[in-house]
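Next comes data-v6.pdb, with PDB, C-alpha atoms.
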```pdb
MODEL        1
ATOM      1  CA  MET A  13     -25.842 -15.648  30.591
ATOM      2  CA  SER A  14     -26.435 -15.204  26.853
ATOM      3  CA  ASP A  15     -24.462 -16.785  24.031
ATOM      4  CA  ARG A  16     -22.651 -13.492  23.531
ATOM      5  CA  VAL A  17     -19.053 -13.525  22.285
ATOM      6  CA  LEU A  18     -16.554 -10.708  22.726
ATOM      7  CA  LEU A  19     -14.535 -10.723  19.503
ATOM      8  CA  THR A  20     -11.445  -8.530  19.471
ATOM      9  CA  GLY A  21     -10.109  -7.375  16.118
ATOM     10  CA  ILE A  22     -13.437  -7.737  14.287
ATOM     11  CA  SER A  23     -12.330  -5.317  11.561
ATOM     12  CA  GLY A  24      -9.381  -7.530  10.593
ATOM     13  CA  PHE A  25      -9.309 -10.136   7.818
ATOM     14  CA  LEU A  26      -9.657 -13.101  10.179
ATOM     15  CA  GLY A  27     -11.828 -11.237  12.691
ATOM     16  CA  GLY A  28     -14.397 -10.466  10.012
ATOM     17  CA  HIS A  29     -14.652 -14.111   8.978
ATOM     18  CA  VAL A  30     -14.921 -15.239  12.614
ATOM     19  CA  ALA A  31     -17.733 -12.707  13.132
ATOM     20  CA  LEU A  32     -19.510 -13.969   9.997
ATOM     21  CA  GLN A  33     -19.402 -17.600  11.155
ATOM     22  CA  LEU A  34     -20.416 -16.711  14.723
ATOM     23  CA  LEU A  35     -23.414 -14.697  13.510
ATOM     24  CA  ASN A  36     -24.411 -17.430  11.063
ATOM     25  CA  ALA A  37     -24.245 -19.938  13.949
ATOM     26  CA  GLY A  38     -26.686 -17.841  16.002
ATOM     27  CA  TYR A  39     -24.319 -16.146  18.445
ATOM     28  CA  THR A  40     -24.537 -12.513  19.508
ATOM     29  CA  VAL A  41     -21.236 -10.829  18.654
ATOM     30  CA  ARG A  42     -19.739  -7.882  20.492
ATOM     31  CA  GLY A  43     -16.898  -6.789  18.256
ATOM     32  CA  SER A  44     -14.059  -4.548  19.338
ATOM     33  CA  VAL A  45     -12.609  -1.811  17.165
ATOM     34  CA  ARG A  46     -10.039   0.792  18.108
ATOM     35  CA  ASN A  47     -12.376   3.564  17.013
ATOM     36  CA  LEU A  48     -16.172   3.288  16.888
ATOM     37  CA  ASN A  49     -16.097   5.282  13.647
ATOM     38  CA  ARG A  50     -15.263   1.944  11.982
ATOM     39  CA  ALA A  51     -18.376   0.187  13.303
ATOM     40  CA  ASP A  52     -20.722   1.148  10.453
ATOM     41  CA  LYS A  53     -18.226  -0.066   7.851
ATOM     42  CA  VAL A  54     -17.810  -3.433   9.594
ATOM     43  CA  ARG A  55     -21.582  -3.798   9.998
ATOM     44  CA  ALA A  56     -22.154  -3.078   6.296
ATOM     45  CA  THR A  57     -19.407  -5.513   5.262
ATOM     46  CA  LEU A  58     -20.890  -8.353   7.319
ATOM     47  CA  ALA A  59     -24.434  -7.587   6.149
ATOM     48  CA  ASN A  60     -23.192  -7.671   2.554
ATOM     49  CA  ALA A  61     -21.695 -11.115   3.270
ATOM     50  CA  GLY A  62     -25.142 -12.352   4.333
ATOM     51  CA  ALA A  63     -24.910 -12.097   8.121
ATOM     52  CA  ASP A  64     -27.818 -11.138  10.396
ATOM     53  CA  VAL A  65     -26.301  -8.009  11.934
ATOM     54  CA  SER A  66     -29.185  -7.482  14.373
ATOM     55  CA  ARG A  67     -27.079  -9.521  16.817
ATOM     56  CA  LEU A  68     -23.947  -7.423  16.265
ATOM     57  CA  GLU A  69     -22.671  -4.919  18.833
ATOM     58  CA  PHE A  70     -19.517  -2.819  19.018
ATOM     59  CA  VAL A  71     -17.144  -1.589  21.714
ATOM     60  CA  ALA A  72     -13.985   0.510  21.502
ATOM     61  CA  LEU A  73     -10.864  -1.223  22.848
ATOM     62  CA  ASP A  74      -7.150  -0.582  22.492
ATOM     63  CA  LEU A  75      -4.555  -3.297  23.080
ATOM     64  CA  LEU A  76      -2.377  -0.737  24.860
ATOM     65  CA  SER A  77      -5.041   0.788  27.107
ATOM     66  CA  ASP A  78      -6.926  -0.547  30.147
ATOM     67  CA  ALA A  79     -10.026   1.462  29.268
ATOM     68  CA  GLY A  80     -13.213  -0.449  28.536
ATOM     69  CA  TRP A  81     -12.127  -4.074  28.902
ATOM     70  CA  ASP A  82     -14.159  -4.927  32.022
ATOM     71  CA  ASP A  83     -17.316  -3.403  30.555
ATOM     72  CA  ALA A  84     -16.717  -5.072  27.180
ATOM     73  CA  ILE A  85     -16.669  -8.572  28.682
ATOM     74  CA  LYS A  86     -19.888  -8.147  30.699
ATOM     75  CA  ASP A  87     -22.616 -10.653  29.809
ATOM     76  CA  CYS A  88     -20.261 -12.511  27.455
ATOM     77  CA  ARG A  89     -20.083 -16.289  27.558
ATOM     78  CA  TYR A  90     -16.948 -16.568  25.414
ATOM     79  CA  LEU A  91     -13.927 -14.515  24.350
ATOM     80  CA  GLN A  92     -12.414 -14.713  20.872
ATOM     81  CA  HIS A  93      -9.127 -12.797  20.951
ATOM     82  CA  THR A  94      -7.973 -12.368  17.344
ATOM     83  CA  ALA A  95      -6.514  -8.846  17.592
ATOM     84  CA  SER A  96      -2.729  -8.598  17.252
ATOM     85  CA  PRO A  97      -0.357  -6.385  15.235
ATOM     86  CA  PHE A  98       1.019  -7.780  11.965
ATOM     87  CA  ALA A  99       2.865  -6.123   9.092
ATOM     88  CA  LEU A 100       5.148  -7.324   6.315
ATOM     89  CA  GLU A 101       7.790  -4.684   7.056
ATOM     90  CA  THR A 102      10.248  -5.338   9.872
ATOM     91  CA  PRO A 103       9.740  -2.644  12.552
ATOM     92  CA  LYS A 104      12.713  -0.561  13.649
ATOM     93  CA  ASP A 105      11.794  -1.364  17.246
ATOM     94  CA  GLU A 106      10.635  -4.955  17.892
ATOM     95  CA  ASN A 107       8.518  -3.681  20.787
ATOM     96  CA  ASP A 108       6.169  -2.113  18.215
ATOM     97  CA  PHE A 109       5.003  -5.715  17.720
ATOM     98  CA  ILE A 110       5.727  -7.220  21.109
ATOM     99  CA  ARG A 111       4.089  -4.688  23.431
ATOM    100  CA  PRO A 112       0.595  -4.617  21.882
ATOM    101  CA  ALA A 113       0.632  -8.393  21.332
ATOM    102  CA  VAL A 114       1.589  -9.274  24.893
ATOM    103  CA  GLU A 115      -0.187  -6.443  26.696
ATOM    104  CA  GLY A 116      -3.337  -6.847  24.606
ATOM    105  CA  THR A 117      -3.433 -10.568  25.384
ATOM    106  CA  ARG A 118      -2.916  -9.834  29.067
ATOM    107  CA  ARG A 119      -5.747  -7.287  29.116
ATOM    108  CA  ALA A 120      -8.135  -9.547  27.189
ATOM    109  CA  ILE A 121      -7.529 -12.639  29.324
ATOM    110  CA  THR A 122      -7.486 -10.759  32.635
ATOM    111  CA  ALA A 123     -10.866  -9.226  31.782
ATOM    112  CA  ALA A 124     -12.241 -12.589  30.620
ATOM    113  CA  LEU A 125     -11.138 -14.316  33.823
ATOM    114  CA  ALA A 126     -12.688 -11.559  35.947
ATOM    115  CA  GLY A 127     -15.868 -11.807  33.881
ATOM    116  CA  LYS A 128     -15.933 -15.598  34.355
ATOM    117  CA  VAL A 129     -16.348 -16.475  30.680
ATOM    118  CA  GLU A 130     -16.666 -20.190  29.956
ATOM    119  CA  ARG A 131     -13.883 -20.436  27.404
ATOM    120  CA  ILE A 132     -11.259 -18.205  25.816
ATOM    121  CA  VAL A 133     -10.111 -18.819  22.241
ATOM    122  CA  LEU A 134      -6.808 -17.176  21.343
ATOM    123  CA  THR A 135      -5.536 -16.699  17.805
ATOM    124  CA  SER A 136      -1.822 -17.363  18.004
ATOM    125  CA  SER A 137       0.226 -18.397  14.950
ATOM    126  CA  ILE A 138       2.562 -21.057  13.647
ATOM    127  CA  ALA A 139       5.069 -18.236  14.141
ATOM    128  CA  ALA A 140       4.930 -19.236  17.830
ATOM    129  CA  ILE A 141       6.039 -22.742  16.805
ATOM    130  CA  GLN A 142       8.419 -22.745  13.853
ATOM    131  CA  TYR A 143      11.286 -20.291  14.448
ATOM    132  CA  GLY A 144      14.745 -20.605  15.965
ATOM    133  CA  HIS A 145      15.159 -24.391  15.640
ATOM    134  CA  ALA A 146      18.382 -26.131  14.627
ATOM    135  CA  ASP A 147      16.639 -28.992  12.807
ATOM    136  CA  TYR A 148      13.844 -28.678  10.251
ATOM    137  CA  SER A 149      14.013 -32.228   8.905
ATOM    138  CA  ARG A 150      10.710 -33.136  10.599
ATOM    139  CA  ALA A 151       7.293 -31.496  10.603
ATOM    140  CA  LEU A 152       6.820 -29.336  13.701
ATOM    141  CA  THR A 153       3.827 -30.003  15.960
ATOM    142  CA  GLU A 154       1.797 -28.325  18.685
ATOM    143  CA  ALA A 155       4.446 -29.525  21.171
ATOM    144  CA  ASP A 156       7.072 -27.243  19.597
ATOM    145  CA  TRP A 157       7.710 -23.634  20.573
ATOM    146  CA  THR A 158       9.644 -20.883  18.811
ATOM    147  CA  ASN A 159      12.976 -20.075  20.422
ATOM    148  CA  VAL A 160      12.677 -16.333  21.101
ATOM    149  CA  ASN A 161      16.389 -16.138  22.002
ATOM    150  CA  SER A 162      17.548 -17.255  18.568
ATOM    151  CA  PRO A 163      19.176 -14.494  16.475
ATOM    152  CA  THR A 164      17.054 -15.682  13.520
ATOM    153  CA  THR A 165      13.743 -15.108  15.349
ATOM    154  CA  GLY A 166      12.296 -11.791  14.222
ATOM    155  CA  ALA A 167       9.940  -9.358  15.907
ATOM    156  CA  TYR A 168       6.677 -10.896  14.675
ATOM    157  CA  PRO A 169       7.323 -14.524  15.730
ATOM    158  CA  LYS A 170       8.723 -13.231  19.003
ATOM    159  CA  SER A 171       5.548 -11.215  19.619
ATOM    160  CA  LYS A 172       3.256 -14.176  18.900
ATOM    161  CA  THR A 173       5.310 -16.541  21.050
ATOM    162  CA  LEU A 174       5.502 -14.215  24.041
ATOM    163  CA  ALA A 175       1.792 -13.363  23.762
ATOM    164  CA  GLU A 176       0.755 -17.022  23.704
ATOM    165  CA  ARG A 177       3.106 -17.849  26.581
ATOM    166  CA  GLU A 178       1.504 -15.001  28.532
ATOM    167  CA  ALA A 179      -1.970 -16.429  27.856
ATOM    168  CA  TRP A 180      -1.069 -19.893  29.135
ATOM    169  CA  ALA A 181       0.694 -18.437  32.188
ATOM    170  CA  LEU A 182      -2.350 -16.351  33.138
ATOM    171  CA  MET A 183      -4.716 -19.291  32.699
ATOM    172  CA  ASP A 184      -2.454 -21.618  34.699
ATOM    173  CA  ALA A 185      -2.125 -19.064  37.499
ATOM    174  CA  ALA A 186      -5.915 -18.872  37.664
ATOM    175  CA  GLY A 187      -6.221 -22.675  37.723
ATOM    176  CA  ARG A 188      -8.167 -22.586  34.447
ATOM    177  CA  HIS A 189      -5.735 -24.138  31.949
ATOM    178  CA  ASP A 190      -8.469 -26.128  30.197
ATOM    179  CA  ASP A 191     -10.621 -23.044  29.636
ATOM    180  CA  LEU A 192      -8.154 -21.746  27.033
ATOM    181  CA  ALA A 193      -8.059 -23.022  23.443
ATOM    182  CA  VAL A 194      -5.399 -21.772  21.038
ATOM    183  CA  ILE A 195      -5.445 -21.813  17.245
ATOM    184  CA  ASN A 196      -2.051 -21.497  15.503
ATOM    185  CA  PRO A 197      -2.753 -20.563  11.874
ATOM    186  CA  ALA A 198      -0.305 -20.616   8.985
ATOM    187  CA  GLY A 199      -0.324 -17.802   6.418
ATOM    188  CA  ILE A 200      -4.012 -16.964   6.002
ATOM    189  CA  PHE A 201      -5.469 -16.678   2.503
ATOM    190  CA  GLY A 202      -8.976 -16.867   1.069
ATOM    191  CA  PRO A 203     -11.801 -14.531   0.004
ATOM    192  CA  LEU A 204     -11.747 -10.923   1.172
ATOM    193  CA  LEU A 205     -14.911  -9.553   2.757
ATOM    194  CA  ASP A 206     -14.111  -5.977   1.703
ATOM    195  CA  GLU A 207     -11.447  -3.896   0.004
ATOM    196  CA  ASP A 208      -9.056  -4.179   2.964
ATOM    197  CA  PRO A 209      -6.563  -6.794   1.724
ATOM    198  CA  GLY A 210      -5.028  -7.516   5.118
ATOM    199  CA  THR A 211      -1.377  -8.563   5.179
ATOM    200  CA  SER A 212      -1.044 -12.192   4.060
ATOM    201  CA  SER A 213      -2.837 -11.514   0.767
ATOM    202  CA  MET A 214      -0.042  -9.145  -0.220
ATOM    203  CA  LEU A 215       1.953 -12.195  -1.313
ATOM    204  CA  ILE A 216      -0.765 -13.133  -3.812
ATOM    205  CA  ARG A 217      -0.910  -9.509  -4.909
ATOM    206  CA  ARG A 218       2.829  -9.581  -5.648
ATOM    207  CA  LEU A 219       2.461 -12.806  -7.616
ATOM    208  CA  LEU A 220      -0.340 -11.323  -9.746
ATOM    209  CA  ASP A 221       0.843  -7.759 -10.343
ATOM    210  CA  GLY A 222       3.241  -8.747 -13.150
ATOM    211  CA  LYS A 223       6.282  -7.086 -11.593
ATOM    212  CA  LEU A 224       8.122 -10.233 -10.471
ATOM    213  CA  PRO A 225       9.977 -12.148 -13.219
ATOM    214  CA  ALA A 226      10.790 -14.901 -10.709
ATOM    215  CA  VAL A 227      10.511 -15.556  -6.977
ATOM    216  CA  PRO A 228      13.029 -16.283  -4.216
ATOM    217  CA  LYS A 229      13.350 -19.829  -2.858
ATOM    218  CA  LEU A 230      11.149 -19.128   0.154
ATOM    219  CA  ALA A 231       8.522 -21.452   1.615
ATOM    220  CA  MET A 232       5.380 -20.801   3.587
ATOM    221  CA  SER A 233       2.567 -22.787   5.144
ATOM    222  CA  VAL A 234      -0.955 -21.940   3.984
ATOM    223  CA  ILE A 235      -4.485 -22.071   5.409
ATOM    224  CA  ASP A 236      -7.819 -20.720   4.170
ATOM    225  CA  VAL A 237      -9.412 -18.026   6.350
ATOM    226  CA  ARG A 238     -12.731 -19.903   6.302
ATOM    227  CA  ASP A 239     -11.076 -22.924   7.913
ATOM    228  CA  VAL A 240      -9.339 -20.799  10.555
ATOM    229  CA  ALA A 241     -12.654 -19.129  11.410
ATOM    230  CA  ALA A 242     -14.360 -22.530  11.611
ATOM    231  CA  LEU A 243     -11.657 -23.782  13.984
ATOM    232  CA  GLN A 244     -11.970 -20.651  16.121
ATOM    233  CA  VAL A 245     -15.740 -21.116  16.473
ATOM    234  CA  ASP A 246     -15.417 -24.864  17.042
ATOM    235  CA  ALA A 247     -12.837 -24.283  19.800
ATOM    236  CA  MET A 248     -15.391 -22.432  21.953
ATOM    237  CA  THR A 249     -17.427 -25.558  22.638
ATOM    238  CA  ASN A 250     -15.420 -28.595  21.476
ATOM    239  CA  PRO A 251     -14.236 -30.619  24.515
ATOM    240  CA  ALA A 252     -11.212 -31.750  22.481
ATOM    241  CA  ALA A 253     -10.016 -28.124  22.233
ATOM    242  CA  ALA A 254      -9.902 -27.573  26.010
ATOM    243  CA  GLY A 255      -6.402 -26.597  27.123
ATOM    244  CA  GLN A 256      -4.918 -27.416  23.689
ATOM    245  CA  ARG A 257      -3.077 -25.761  20.822
ATOM    246  CA  CYS A 258      -4.156 -26.514  17.244
ATOM    247  CA  ILE A 259      -2.062 -25.875  14.151
ATOM    248  CA  ALA A 260      -4.155 -24.680  11.201
ATOM    249  CA  SER A 261      -2.205 -25.461   8.037
ATOM    250  CA  GLU A 262      -3.142 -27.253   4.818
ATOM    251  CA  GLY A 263       0.476 -27.620   3.748
ATOM    252  CA  THR A 264       3.835 -25.935   3.184
ATOM    253  CA  TYR A 265       4.791 -24.674  -0.273
ATOM    254  CA  TRP A 266       7.606 -22.868  -2.064
ATOM    255  CA  MET A 267       6.665 -19.492  -3.544
ATOM    256  CA  SER A 268       7.205 -21.007  -6.997
ATOM    257  CA  ASP A 269       4.564 -23.638  -6.108
ATOM    258  CA  MET A 270       2.167 -20.825  -5.214
ATOM    259  CA  GLY A 271       2.789 -19.302  -8.626
ATOM    260  CA  LYS A 272       2.029 -22.637 -10.293
ATOM    261  CA  MET A 273      -1.259 -22.864  -8.359
ATOM    262  CA  LEU A 274      -2.289 -19.385  -9.524
ATOM    263  CA  LYS A 275      -1.114 -19.425 -13.150
ATOM    264  CA  PRO A 276      -3.906 -21.595 -14.677
ATOM    265  CA  ALA A 277      -6.616 -19.573 -12.896
ATOM    266  CA  PHE A 278      -5.266 -16.221 -14.133
ATOM    267  CA  PRO A 279      -4.064 -16.854 -17.714
ATOM    268  CA  ASP A 280      -4.077 -13.125 -18.531
ATOM    269  CA  ARG A 281      -1.603 -12.379 -15.732
ATOM    270  CA  ARG A 282       2.175 -12.745 -15.774
ATOM    271  CA  VAL A 283       2.496 -15.078 -12.798
ATOM    272  CA  PRO A 284       6.079 -16.046 -11.883
ATOM    273  CA  THR A 285       6.793 -19.766 -11.468
ATOM    274  CA  ALA A 286      10.604 -19.771 -11.767
ATOM    275  CA  GLU A 287      12.963 -19.273  -8.832
ATOM    276  CA  LEU A 288      15.531 -16.504  -8.580
ATOM    277  CA  PRO A 289      19.128 -17.630  -8.127
ATOM    278  CA  ASN A 290      20.221 -17.161  -4.524
ATOM    279  CA  TRP A 291      23.001 -14.773  -5.563
ATOM    280  CA  VAL A 292      20.414 -12.366  -6.997
ATOM    281  CA  VAL A 293      18.513 -12.341  -3.722
ATOM    282  CA  ARG A 294      21.744 -11.812  -1.771
ATOM    283  CA  LEU A 295      22.539  -8.861  -4.020
ATOM    284  CA  ALA A 296      19.090  -7.380  -3.401
ATOM    285  CA  ALA A 297      19.634  -7.852   0.333
ATOM    286  CA  LEU A 298      22.470  -5.339   0.198
ATOM    287  CA  PHE A 299      19.950  -2.623  -0.629
ATOM    288  CA  ASP A 300      16.714  -3.843   0.980
ATOM    289  CA  ARG A 301      16.448  -4.328   4.747
ATOM    290  CA  ASP A 302      13.343  -6.531   4.560
ATOM    291  CA  VAL A 303      15.084  -8.881   2.114
ATOM    292  CA  ARG A 304      18.167  -8.874   4.322
ATOM    293  CA  ASP A 305      16.141  -9.730   7.431
ATOM    294  CA  ASN A 306      14.686 -12.790   5.679
ATOM    295  CA  MET A 307      17.855 -14.166   4.107
ATOM    296  CA  HIS A 308      18.073 -16.900   6.764
ATOM    297  CA  GLU A 309      14.739 -18.249   5.457
ATOM    298  CA  MET A 310      16.164 -18.930   1.989
ATOM    299  CA  GLY A 311      15.967 -22.582   0.991
ATOM    300  CA  THR A 312      14.470 -23.755   4.294
ATOM    301  CA  GLN A 313      11.071 -25.442   4.270
ATOM    302  CA  LYS A 314       9.665 -25.211   7.799
ATOM    303  CA  ARG A 315       6.940 -27.821   7.660
ATOM    304  CA  VAL A 316       4.188 -28.066  10.271
ATOM    305  CA  ASP A 317       1.827 -30.959  10.992
ATOM    306  CA  GLY A 318      -1.683 -29.689  10.277
ATOM    307  CA  HIS A 319      -3.619 -32.938  10.718
ATOM    308  CA  LEU A 320      -5.300 -31.815  13.965
ATOM    309  CA  GLY A 321      -7.217 -28.985  12.278
ATOM    310  CA  SER A 322      -8.695 -31.368   9.722
ATOM    311  CA  ALA A 323      -9.577 -33.835  12.494
ATOM    312  CA  ARG A 324     -11.302 -31.122  14.538
ATOM    313  CA  LEU A 325     -13.473 -30.062  11.601
ATOM    314  CA  GLY A 326     -14.136 -33.650  10.496
ATOM    315  CA  ARG A 327     -13.267 -32.920   6.868
ATOM    316  CA  PRO A 328     -10.303 -32.123   4.630
ATOM    317  CA  LEU A 329      -9.061 -28.557   4.816
ATOM    318  CA  ILE A 330      -9.609 -26.213   1.878
ATOM    319  CA  THR A 331      -6.620 -26.638  -0.423
ATOM    320  CA  ALA A 332      -3.868 -24.047  -0.677
ATOM    321  CA  ALA A 333      -4.683 -23.689  -4.378
ATOM    322  CA  GLU A 334      -8.344 -22.892  -3.689
ATOM    323  CA  ALA A 335      -7.395 -20.472  -0.917
ATOM    324  CA  SER A 336      -4.820 -18.692  -3.086
ATOM    325  CA  ILE A 337      -7.136 -18.446  -6.106
ATOM    326  CA  ALA A 338      -9.938 -17.085  -3.907
ATOM    327  CA  THR A 339      -7.549 -14.402  -2.658
ATOM    328  CA  GLY A 340      -6.540 -13.513  -6.200
ATOM    329  CA  LYS A 341     -10.133 -13.263  -7.414
ATOM    330  CA  SER A 342     -11.035 -11.032  -4.459
ATOM    331  CA  LEU A 343      -8.057  -8.756  -5.080
ATOM    332  CA  ILE A 344      -9.095  -8.354  -8.717
ATOM    333  CA  GLU A 345     -12.765  -7.877  -7.816
ATOM    334  CA  HIS A 346     -11.843  -5.046  -5.438
ATOM    335  CA  ARG A 347      -9.366  -3.613  -7.982
ATOM    336  CA  LEU A 348      -6.446  -4.108  -5.634
ATOM    337  CA  VAL A 349      -4.233  -5.699  -8.256
TER
ENDMDL
END
```

What does this structure look like when you write it as structure tokens?
Amino acid sequence: MSDRVLLTGISGFLGGHVALQLLNAGYTVRGSVRNLNRADKVRATLANAGADVSRLEFVALDLLSDAGWDDAIKDCRYLQHTASPFALETPKDENDFIRPAVEGTRRAITAALAGKVERIVLTSSIAAIQYGHADYSRALTEADWTNVNSPTTGAYPKSKTLAEREAWALMDAAGRHDDLAVINPAGIFGPLLDEDPGTSSMLIRRLLDGKLPAVPKLAMSVIDVRDVAALQVDAMTNPAAAGQRCIASEGTYWMSDMGKMLKPAFPDRRVPTAELPNWVVRLAALFDRDVRDNMHEMGTQKRVDGHLGSARLGRPLITAAEASIATGKSLIEHRLV
């Protein structure tokens, strides 16, 4: 069996960086896209980033269709399942997130088990850890799980939690618990490989576009995409990753802190560093559903313990400031802000 990796979601922000690191490490990568018309664009993007694309293959897979999965996994030693729906807007129907996340995970892992791959690496999220808790006075760890029955748990964290639970259940039922490794990233920032900004970078875009005089008192945990990709690749062969979750987070910051990180690097931009009064945000919530759906996040700093990621890589994680600035520079370079 070759050192071939089936990588789902290769055209995504994280998937592209995972592909780049896998190719640079000498693996053969079989990347999945929903439509093979995207293959040439992905190949050109990775070649432009310096990868040897002679070891890059493509297959068409859909998270909501059985077609192609068994063939896609043939001759693969590992599975990297990074594909999952994500959008900033709250969907009208939560199943728009949940169905593809859970069913796609089920299809990927079922095929991988049938194909007898050595290890499966699943990209989950800290969203599967940090929602629906009564107490946020401590940093959450890999032992914590999001409460999907909480009224404050939205569609996206519910989808990531149910998908990861499905993965562990399938592996346990097959008696192969230790052949799954899960990475739980925070909000992913860092350099873009092409002009597709992904979703997380939209926050940096909003902070740089000059339209925000101030920001709401919202907090988020941050990780650089290059560190997430490194953890994903490491998890394929690291004995310490077997049967384990791993939070990937450099730290948790208020949006105003993010503005302060960006401001010195972009002196010609109007970067907000002040916080909006809560009453202003509540007023906006009357007219904006997305603001309304996130009101319960106001003023709460949901910290996570990211020490394991640093320990796995044997070095400090890339700082949130460096990750955010890299995102900003990429957005400007691609004329996205």

Spatial sel., origin (3.1, -8.1, 17.2), limit 8 Å, only C-alpha atoms, listed as a short mmCIF file (atom, residue, chain, number, x, y, z; two decimals) with C-alpha atoms, in the frame of the given file:
```cif
data_model
loop_
_atom_site.label_atom_id
_atom_site.label_comp_id
_atom_site.auth_asym_id
_atom_site.auth_seq_id
_atom_site.Cartn_x
_atom_site.Cartn_y
_atom_site.Cartn_z
CA SER A 96 -2.73 -8.60 17.25
CA PRO A 97 -0.36 -6.38 15.24
CA PHE A 98 1.02 -7.78 11.96
CA ASN A 107 8.52 -3.68 20.79
CA ASP A 108 6.17 -2.11 18.22
CA PHE A 109 5.00 -5.72 17.72
CA ILE A 110 5.73 -7.22 21.11
CA ARG A 111 4.09 -4.69 23.43
CA PRO A 112 0.60 -4.62 21.88
CA ALA A 113 0.63 -8.39 21.33
CA VAL A 114 1.59 -9.27 24.89
CA ALA A 167 9.94 -9.36 15.91
CA TYR A 168 6.68 -10.90 14.68
CA PRO A 169 7.32 -14.52 15.73
CA LYS A 170 8.72 -13.23 19.00
CA SER A 171 5.55 -11.22 19.62
CA LYS A 172 3.26 -14.18 18.90
#
```

* **Spatial neighbours of A:Pro197, max dist 8 Å, all atoms listed in the file, sep filter under 6 positions, as a list in words** =>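 Everything that qualifies: Thr135, Ser136, Ser137, Ile138, Ile235, Val240, Ile259, Ala260 and Ser261 of chain A.
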
How about saving the chosen residues, C-alpha atoms kept, as a short mmCIF file (atom, residue, chain, number, x, y, z; two decimals), in the frame of the given file?
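Output below, filename result.cif:
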```cif
data_model
loop_
_atom_site.label_atom_id
_atom_site.label_comp_id
_atom_site.auth_asym_id
_atom_site.auth_seq_id
_atom_site.Cartn_x
_atom_site.Cartn_y
_atom_site.Cartn_z
CA THR A 135 -5.54 -16.70 17.80
CA SER A 136 -1.82 -17.36 18.00
CA SER A 137 0.23 -18.40 14.95
CA ILE A 138 2.56 -21.06 13.65
CA ILE A 235 -4.49 -22.07 5.41
CA VAL A 240 -9.34 -20.80 10.56
CA ILE A 259 -2.06 -25.88 14.15
CA ALA A 260 -4.16 -24.68 11.20
CA SER A 261 -2.20 -25.46 8.04
#
```

* Asked: With distances taken over all atoms listed in the file, which of A:Ala155, A:Arg327, A:Ala175, A:Cys88 is nearest to A:Tyr39?
  ->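 For A:Tyr39, the nearest of the candidates is A:Cys88.
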
* Contacts of A:Thr339 at 8 Å (all atoms listed in the file; same-chain gap of 5+ positions) as a PyMOL selection string -> chain A and resi 201-204+213+216

* To do: Find the residues near A:Trp81: any atom within 10 Å, counting only C-alpha atoms, skip ones fewer than 6 places away on the same chain, and give them as a list in words.
  =>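 The filter keeps Ser44, Val71, Ala72, Leu73, Asp74, Leu75, Arg119, Ala120, Ile121, Thr122, Ala123, Ala124 and Gly127 of chain A.
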
With 6 Å on each side, where is the centre of the axis-aligned box around all listed atoms of stretch 51-58 of chain A, and how long are its edges in Å to one decimal, as AutoDock Vina command-line options?
```
--center_x -20.0 --center_y -3.6 --center_z 9.3 --size_x 16.3 --size_y 21.5 --size_z 20.0
```

* Just how far from atom CA of A:Arg50 is atom CA of A:Gly38, in Å to one decimal? ->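 Value for the atom CA of A:Gly38-atom CA of A:Arg50 distance: 23.2 Å.
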
* Asked: Selected by the PyMOL selection byres ((chain A and resi 219) around 9) in the shown coordinates: which residues, as a list of chain:residue names?
  ->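 Selected by the PyMOL selection byres ((chain A and resi 219) around 9) here: A:Met214, A:Leu215, A:Ile216, A:Arg217, A:Arg218, A:Leu220, A:Asp221, A:Gly222, A:Lys223, A:Leu224, A:Val227, A:Met267, A:Met270, A:Gly271, A:Leu274, A:Arg282, A:Val283, A:Pro284.
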
Take the residues from that selection and write them out as a PDB file, keeping the file's coordinate frame, keeping C-alpha atoms.
```pdb
ATOM      1  CA  MET A 214      -0.042  -9.145  -0.220  1.00  0.00           C
ATOM      2  CA  LEU A 215       1.953 -12.195  -1.313  1.00  0.00           C
ATOM      3  CA  ILE A 216      -0.765 -13.133  -3.812  1.00  0.00           C
ATOM      4  CA  ARG A 217      -0.910  -9.509  -4.909  1.00  0.00           C
ATOM      5  CA  ARG A 218       2.829  -9.581  -5.648  1.00  0.00           C
ATOM      6  CA  LEU A 220      -0.340 -11.323  -9.746  1.00  0.00           C
ATOM      7  CA  ASP A 221       0.843  -7.759 -10.343  1.00  0.00           C
ATOM      8  CA  GLY A 222       3.241  -8.747 -13.150  1.00  0.00           C
ATOM      9  CA  LYS A 223       6.282  -7.086 -11.593  1.00  0.00           C
ATOM     10  CA  LEU A 224       8.122 -10.233 -10.471  1.00  0.00           C
ATOM     11  CA  VAL A 227      10.511 -15.556  -6.977  1.00  0.00           C
ATOM     12  CA  MET A 267       6.665 -19.492  -3.544  1.00  0.00           C
ATOM     13  CA  MET A 270       2.167 -20.825  -5.214  1.00  0.00           C
ATOM     14  CA  GLY A 271       2.789 -19.302  -8.626  1.00  0.00           C
ATOM     15  CA  LEU A 274      -2.289 -19.385  -9.524  1.00  0.00           C
ATOM     16  CA  ARG A 282       2.175 -12.745 -15.774  1.00  0.00           C
ATOM     17  CA  VAL A 283       2.496 -15.078 -12.798  1.00  0.00           C
ATOM     18  CA  PRO A 284       6.079 -16.046 -11.883  1.00  0.00           C
TER      19      PRO A 284
END
```

Dump as a tab-separated table the rows for residues of stretch 101-151 of chain A within 12 Å of stretch 246-251 of chain A: closest atom pair and distance in Å with one decimal, only C-alpha atoms counted, ordered by chain and rising residue number.
```
residue	atom	partner	partner_atom	distance
A:Val129	CA	A:Met248	CA	10.6
A:Glu130	CA	A:Met248	CA	8.4
A:Arg131	CA	A:Met248	CA	6.0
A:Ile132	CA	A:Met248	CA	7.1
A:Val133	CA	A:Met248	CA	6.4
A:Leu134	CA	A:Ala247	CA	9.4
A:Thr135	CA	A:Ala247	CA	10.7
```
